[in-house]
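target-v1.cif (mmCIF, C-alpha atoms)
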data_query
loop_
_atom_site.group_PDB
_atom_site.id
_atom_site.type_symbol
_atom_site.label_atom_id
_atom_site.label_comp_id
_atom_site.auth_asym_id
_atom_site.auth_seq_id
_atom_site.Cartn_x
_atom_site.Cartn_y
_atom_site.Cartn_z
ATOM 1 C CA MET O 1 -30.583 -2.190 -31.895
ATOM 2 C CA GLU O 2 -27.027 -2.109 -30.564
ATOM 3 C CA LEU O 3 -24.400 -4.184 -32.321
ATOM 4 C CA MET O 4 -21.205 -5.361 -30.613
ATOM 5 C CA ASP O 5 -17.859 -6.452 -31.998
ATOM 6 C CA LEU O 6 -16.448 -9.653 -30.583
ATOM 7 C CA TYR O 7 -12.821 -10.514 -29.812
ATOM 8 C CA ASP O 8 -10.754 -13.649 -29.431
ATOM 9 C CA GLU O 9 -8.909 -14.491 -26.200
ATOM 10 C CA GLU O 10 -5.934 -12.404 -27.392
ATOM 11 C CA ARG O 11 -8.260 -9.392 -27.738
ATOM 12 C CA GLN O 12 -8.058 -9.424 -31.508
ATOM 13 C CA LYS O 13 -11.257 -8.152 -33.126
ATOM 14 C CA GLN O 14 -13.080 -10.884 -35.018
ATOM 15 C CA LYS O 15 -15.488 -10.647 -37.935
ATOM 16 C CA THR O 16 -18.314 -11.889 -35.699
ATOM 17 C CA ILE O 17 -20.790 -9.186 -34.681
ATOM 18 C CA ILE O 18 -23.781 -9.784 -32.411
ATOM 19 C CA GLU O 19 -26.756 -7.829 -31.158
ATOM 20 C CA LYS O 20 -26.659 -6.650 -27.542
ATOM 21 C CA GLY O 21 -28.304 -9.262 -25.333
ATOM 22 C CA GLN O 22 -27.475 -12.185 -27.612
ATOM 23 C CA LYS O 23 -25.452 -15.065 -26.201
ATOM 24 C CA ILE O 24 -21.754 -14.652 -26.916
ATOM 25 C CA PRO O 25 -20.398 -17.657 -28.821
ATOM 26 C CA SER O 26 -17.960 -19.879 -26.957
ATOM 27 C CA GLY O 27 -14.343 -18.737 -27.258
ATOM 28 C CA LEU O 28 -15.268 -15.126 -28.020
ATOM 29 C CA CYS O 29 -15.501 -12.050 -25.796
ATOM 30 C CA SER O 30 -17.285 -8.721 -25.766
ATOM 31 C CA LEU O 31 -15.783 -5.485 -24.440
ATOM 32 C CA ARG O 32 -17.268 -3.660 -21.452
ATOM 33 C CA VAL O 33 -16.056 -0.416 -19.920
ATOM 34 C CA HIS O 34 -16.375 0.845 -16.348
ATOM 35 C CA LEU O 35 -15.654 4.222 -14.803
ATOM 36 C CA CYS O 36 -14.664 4.919 -11.223
ATOM 37 C CA LEU O 37 -14.896 8.704 -10.998
ATOM 38 C CA PHE O 38 -13.344 10.262 -7.900
ATOM 39 C CA ASN O 39 -13.378 13.810 -6.590
ATOM 40 C CA SER O 40 -10.440 15.571 -4.920
ATOM 41 C CA LYS O 41 -11.812 14.524 -1.497
ATOM 42 C CA GLY O 42 -11.231 10.864 -2.390
ATOM 43 C CA GLU O 43 -14.929 10.053 -2.788
ATOM 44 C CA MET O 44 -16.251 7.969 -5.672
ATOM 45 C CA LEU O 45 -19.302 8.996 -7.638
ATOM 46 C CA ILE O 46 -21.785 6.156 -7.294
ATOM 47 C CA GLN O 47 -25.058 5.642 -9.090
ATOM 48 C CA GLN O 48 -28.282 3.991 -8.061
ATOM 49 C CA ARG O 49 -29.600 1.771 -10.816
ATOM 50 C CA HIS O 50 -33.146 2.449 -11.971
ATOM 51 C CA LYS O 51 -35.912 0.460 -10.260
ATOM 52 C CA ASN O 52 -36.975 -1.040 -13.613
ATOM 53 C CA LYS O 53 -33.546 -2.485 -14.511
ATOM 54 C CA LYS O 54 -33.554 -6.244 -15.110
ATOM 55 C CA HIS O 55 -30.379 -6.859 -13.110
ATOM 56 C CA TRP O 56 -29.796 -5.344 -9.649
ATOM 57 C CA PRO O 57 -32.728 -2.868 -9.665
ATOM 58 C CA GLU O 58 -32.232 0.026 -7.217
ATOM 59 C CA ALA O 59 -28.780 -1.247 -6.211
ATOM 60 C CA TRP O 60 -25.956 1.259 -5.919
ATOM 61 C CA ASP O 61 -22.990 0.741 -8.240
ATOM 62 C CA ILE O 62 -19.661 2.278 -9.212
ATOM 63 C CA SER O 63 -19.849 5.426 -11.322
ATOM 64 C CA LEU O 64 -20.920 3.735 -14.553
ATOM 65 C CA SER O 65 -20.587 0.707 -16.793
ATOM 66 C CA GLY O 66 -21.536 -0.103 -20.345
ATOM 67 C CA GLY O 67 -20.780 -2.155 -23.401
ATOM 68 C CA ALA O 68 -18.663 -1.161 -26.348
ATOM 69 C CA GLN O 69 -20.650 -0.927 -29.554
ATOM 70 C CA LYS O 70 -19.589 -2.004 -33.031
ATOM 71 C CA GLY O 71 -16.569 0.052 -34.053
ATOM 72 C CA ASP O 72 -15.878 1.409 -30.544
ATOM 73 C CA SER O 73 -12.441 1.369 -29.032
ATOM 74 C CA SER O 74 -12.360 1.110 -25.251
ATOM 75 C CA LYS O 75 -11.769 4.872 -24.951
ATOM 76 C CA ALA O 76 -14.548 5.704 -27.432
ATOM 77 C CA ALA O 77 -16.934 3.451 -25.482
ATOM 78 C CA ILE O 78 -16.197 5.063 -22.091
ATOM 79 C CA THR O 79 -16.516 8.560 -23.594
ATOM 80 C CA ARG O 80 -19.887 7.666 -25.156
ATOM 81 C CA GLU O 81 -21.178 5.966 -21.998
ATOM 82 C CA VAL O 82 -20.381 9.030 -19.841
ATOM 83 C CA LYS O 83 -22.252 11.226 -22.311
ATOM 84 C CA GLU O 84 -25.234 8.849 -22.580
ATOM 85 C CA GLU O 85 -25.631 8.028 -18.885
ATOM 86 C CA PHE O 86 -24.670 11.350 -17.276
ATOM 87 C CA GLY O 87 -24.824 13.957 -20.052
ATOM 88 C CA LEU O 88 -21.172 14.857 -19.386
ATOM 89 C CA ASP O 89 -18.411 15.566 -21.893
ATOM 90 C CA ILE O 90 -15.277 14.220 -20.227
ATOM 91 C CA ASP O 91 -12.050 14.330 -22.184
ATOM 92 C CA PHE O 92 -10.399 10.910 -22.006
ATOM 93 C CA SER O 93 -7.473 11.818 -24.263
ATOM 94 C CA GLY O 94 -4.301 10.810 -22.476
ATOM 95 C CA GLU O 95 -6.266 8.308 -20.362
ATOM 96 C CA ARG O 96 -5.948 4.549 -20.573
ATOM 97 C CA ALA O 97 -7.840 1.864 -18.748
ATOM 98 C CA TYR O 98 -6.203 1.349 -15.347
ATOM 99 C CA PHE O 99 -6.727 -2.383 -15.576
ATOM 100 C CA THR O 100 -8.675 -5.073 -17.393
ATOM 101 C CA ILE O 101 -10.464 -7.966 -15.766
ATOM 102 C CA ASN O 102 -10.788 -10.972 -18.011
ATOM 103 C CA ALA O 103 -14.212 -12.340 -17.151
ATOM 104 C CA ASP O 104 -16.028 -15.176 -18.863
ATOM 105 C CA ASN O 105 -16.769 -14.034 -22.421
ATOM 106 C CA CYS O 106 -15.805 -10.447 -21.636
ATOM 107 C CA PHE O 107 -12.932 -8.000 -21.301
ATOM 108 C CA ASP O 108 -13.835 -5.474 -18.572
ATOM 109 C CA ASP O 109 -11.760 -2.264 -18.888
ATOM 110 C CA PHE O 110 -11.747 -0.067 -15.773
ATOM 111 C CA TYR O 111 -10.980 3.648 -15.963
ATOM 112 C CA ILE O 112 -10.157 5.542 -12.780
ATOM 113 C CA ILE O 113 -10.131 9.337 -13.059
ATOM 114 C CA GLU O 114 -10.412 12.313 -10.742
ATOM 115 C CA ARG O 115 -12.685 15.253 -11.558
ATOM 116 C CA ASP O 116 -14.574 17.586 -9.261
ATOM 117 C CA ILE O 117 -18.005 17.478 -10.865
ATOM 118 C CA ASP O 118 -21.037 19.263 -9.482
ATOM 119 C CA LEU O 119 -23.771 16.658 -9.072
ATOM 120 C CA LYS O 120 -26.277 19.206 -10.420
ATOM 121 C CA SER O 121 -24.493 19.053 -13.794
ATOM 122 C CA ILE O 122 -25.263 15.336 -14.157
ATOM 123 C CA HIS O 123 -28.335 14.560 -16.234
ATOM 124 C CA PHE O 124 -29.224 10.900 -16.346
ATOM 125 C CA ASP O 125 -31.576 8.857 -18.460
ATOM 126 C CA ASP O 126 -34.659 7.881 -16.473
ATOM 127 C CA GLY O 127 -34.369 4.254 -17.581
ATOM 128 C CA GLU O 128 -30.775 3.704 -16.463
ATOM 129 C CA VAL O 129 -29.972 5.680 -13.325
ATOM 130 C CA GLN O 130 -32.256 7.109 -10.658
ATOM 131 C CA ALA O 131 -29.752 8.839 -8.350
ATOM 132 C CA VAL O 132 -26.078 9.713 -7.965
ATOM 133 C CA LYS O 133 -23.962 10.757 -5.004
ATOM 134 C CA TRP O 134 -20.380 10.973 -3.773
ATOM 135 C CA ALA O 135 -19.377 8.205 -1.334
ATOM 136 C CA GLY O 136 -16.281 7.189 0.548
ATOM 137 C CA LYS O 137 -14.936 3.646 0.717
ATOM 138 C CA ASP O 138 -16.456 2.944 4.149
ATOM 139 C CA GLU O 139 -19.922 4.030 2.995
ATOM 140 C CA ILE O 140 -19.694 1.818 -0.102
ATOM 141 C CA LEU O 141 -18.583 -1.177 1.962
ATOM 142 C CA LYS O 142 -21.459 -0.555 4.383
ATOM 143 C CA LEU O 143 -23.933 -0.402 1.474
ATOM 144 C CA MET O 144 -22.483 -3.704 0.233
ATOM 145 C CA LYS O 145 -22.822 -5.294 3.671
ATOM 146 C CA ASN O 146 -26.468 -4.189 3.754
ATOM 147 C CA LYS O 147 -27.051 -5.636 0.243
ATOM 148 C CA LYS O 148 -27.767 -2.177 -1.193
ATOM 149 C CA PHE O 149 -24.700 -2.104 -3.469
ATOM 150 C CA ILE O 150 -23.802 -4.557 -6.227
ATOM 151 C CA GLN O 151 -21.946 -7.400 -4.553
ATOM 152 C CA TYR O 152 -18.385 -6.885 -5.716
ATOM 153 C CA TYR O 153 -15.605 -8.449 -3.682
ATOM 154 C CA PRO O 154 -14.825 -5.998 -0.844
ATOM 155 C CA ALA O 155 -11.127 -6.381 -1.723
ATOM 156 C CA PHE O 156 -11.953 -5.109 -5.222
ATOM 157 C CA ILE O 157 -13.503 -1.910 -3.845
ATOM 158 C CA ASN O 158 -10.515 -1.491 -1.501
ATOM 159 C CA ALA O 159 -8.140 -1.934 -4.460
ATOM 160 C CA ILE O 160 -9.930 0.705 -6.548
ATOM 161 C CA PHE O 161 -9.637 3.220 -3.711
ATOM 162 C CA GLU O 162 -5.952 2.353 -3.239
ATOM 163 C CA MET O 163 -5.142 2.440 -6.961
ATOM 164 C CA ARG O 164 -6.768 5.799 -7.651
ATOM 165 C CA ALA O 165 -3.738 7.639 -6.295
ATOM 166 C CA LYS O 166 -1.113 6.084 -8.564
ATOM 167 C CA ARG O 167 -1.096 3.987 -11.705
ATOM 168 C CA GLY O 168 0.739 0.695 -11.338
ATOM 169 C CA ILE O 169 1.149 -2.210 -8.951
ATOM 170 C CA TYR O 170 3.720 -0.783 -6.550
ATOM 171 C CA LEU O 171 3.160 1.525 -3.606
ATOM 172 C CA PRO O 172 4.500 5.054 -4.164
ATOM 173 C CA ASN O 173 8.049 5.758 -2.940
ATOM 174 C CA THR O 174 8.946 2.142 -2.209
ATOM 175 C CA GLU O 175 11.781 1.675 -4.703
ATOM 176 C CA LYS O 176 14.308 1.395 -1.852
ATOM 177 C CA TYR O 177 13.947 -0.741 1.257
#

Just give me the structure of the file as structure tokens.
Amino acid sequence: MELMDLYDEERQKQKTIIEKGQKIPSGLCSLRVHLCLFNSKGEMLIQQRHKNKKHWPEAWDISLSGGAQKGDSSKAAITREVKEEFGLDIDFSGERAYFTINADNCFDDFYIIERDIDLKSIHFDDGEVQAVKWAGKDEILKLMKNKKFIQYYPAFINAIFEMRAKRGIYLPNTEKY
């Protein structure tokens, strides 16, 4: 049984705790974390969801996603999820979420990091992930077009690929015009 802390709209932790899968009470939010892991070639590690998953079975997805558990900070949650889903120990000290999307009843923190990881070193749980591979932006967009990738907005995928090179909202070296 996984327990989750809940937060108000200002992201202040509340005393309300629920079990994973329970309906989140109106006005409260859970915390989810997502990782977009890139290699030095500019490819993102993508995962194919297990065929027995309730939502989007066998669809390809970004590197990984998961929910924060009771007591988890965002960074603790992403560190734990990487270990649980891929068997990897990635040091997230000095890392912060690149951005947060405020969805209905949820704060979605996105981490974007670059590491050259040998796919053979990834060990995934049979019930979560069935395959992983490195993919470029064009391949991901093609998988989306063919309904083989979770249906994110194409502009969102484009933004992740653009943002991986530099933290912030401005293009590099554009201070003067």

Excluding same-chain residues fewer than 3 positions from range 16-27 of chain O, what lies within 12 Å of it counting only C-alpha atoms, as a PyMOL selection string? chain O and resi 1-13+30-32+54+66-71+103-106

What does the structure give for the distance between CA of Asn102 in chain O and CA of Phe156 in chain O, in Å to one decimal? 14.1 Å

Result set of the PyMOL selection byres ((chain O and resi 85) around 10) on the coordinates above, as a PyMOL selection string: chain O and resi 63-66+80-84+86-88+122-129

So what do you get for CA of Ile112 in chain O versus CA of Phe38 in chain O, distance-wise?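 So the two atoms, CA of Ile112 in chain O and CA of Phe38 in chain O, lie 7.5 Å apart.
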
Nearest candidate to Leu141 in chain O (options O:Ile62, O:Leu28, O:Ile101, O:Leu35; using all atoms listed in the file):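 Looking at the shortest contact to Leu141 in chain O, the residue is O:Ile62.
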
Given the file above and the PyMOL selection byres ((chain O and resi 96) around 9), which residues are selected, and can you give them as a list in words? Ser74, Lys75, Phe92, Ser93, Gly94, Glu95, Ala97, Tyr98, Phe99, Phe110, Tyr111 and Ile112 of chain O

Once 5 Å is added on each side, what are the centre and the three edge lengths, in Å to one decimal, of the axis-aligned box enclosing the listed atoms of range 26-32 of chain O? Present them as lines of an AutoDock Vina configuration file.
center_x = -16.2
center_y = -11.8
center_z = -24.7
size_x = 13.6
size_y = 26.2
size_z = 16.6

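Note that the spacing between CA of Lys145 in chain O and CA of Trp56 in chain O amounts to 15.0 Å.
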
Selected by the PyMOL selection byres ((chain O and resi 136) around 10) in the shown coordinates: which residues, as a short mmCIF file (atom, residue, chain, number, x, y, z; two decimals) with C-alpha atoms, in the coordinates of the input?
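For reference, part.cif as written:
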data_model
loop_
_atom_site.label_atom_id
_atom_site.label_comp_id
_atom_site.auth_asym_id
_atom_site.auth_seq_id
_atom_site.Cartn_x
_atom_site.Cartn_y
_atom_site.Cartn_z
CA PHE O 38 -13.34 10.26 -7.90
CA LYS O 41 -11.81 14.52 -1.50
CA GLY O 42 -11.23 10.86 -2.39
CA GLU O 43 -14.93 10.05 -2.79
CA MET O 44 -16.25 7.97 -5.67
CA LEU O 45 -19.30 9.00 -7.64
CA ILE O 46 -21.78 6.16 -7.29
CA TRP O 134 -20.38 10.97 -3.77
CA ALA O 135 -19.38 8.20 -1.33
CA LYS O 137 -14.94 3.65 0.72
CA ASP O 138 -16.46 2.94 4.15
CA GLU O 139 -19.92 4.03 3.00
CA ILE O 140 -19.69 1.82 -0.10
CA LEU O 141 -18.58 -1.18 1.96
CA PHE O 161 -9.64 3.22 -3.71
#

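Using only C-alpha atoms, the nearest neighbour of Met163 in chain O within the list O:Trp60, O:Leu143, O:Ile113, O:Ser121 is O:Ile113.
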
Quick one: of O:Asp108, O:His55, O:Asp72, O:Gly168, who's nearest to Cys29 in chain O, counting only C-alpha atoms? O:Asp108

Nearest residue to Phe149 in chain O out of O:Gln47, O:Gln14, O:Asp91, O:Cys36, using only C-alpha atoms?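 The closest residue to Phe149 in chain O is O:Gln47.
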
Nearest residue to Thr79 in chain O out of O:Ile117, O:Ile160, O:Met144, O:Val33, using only C-alpha atoms?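 Checking each of O:Ile117, O:Ile160, O:Met144, O:Val33 against Thr79 in chain O, counting only C-alpha atoms, the winner is O:Val33.
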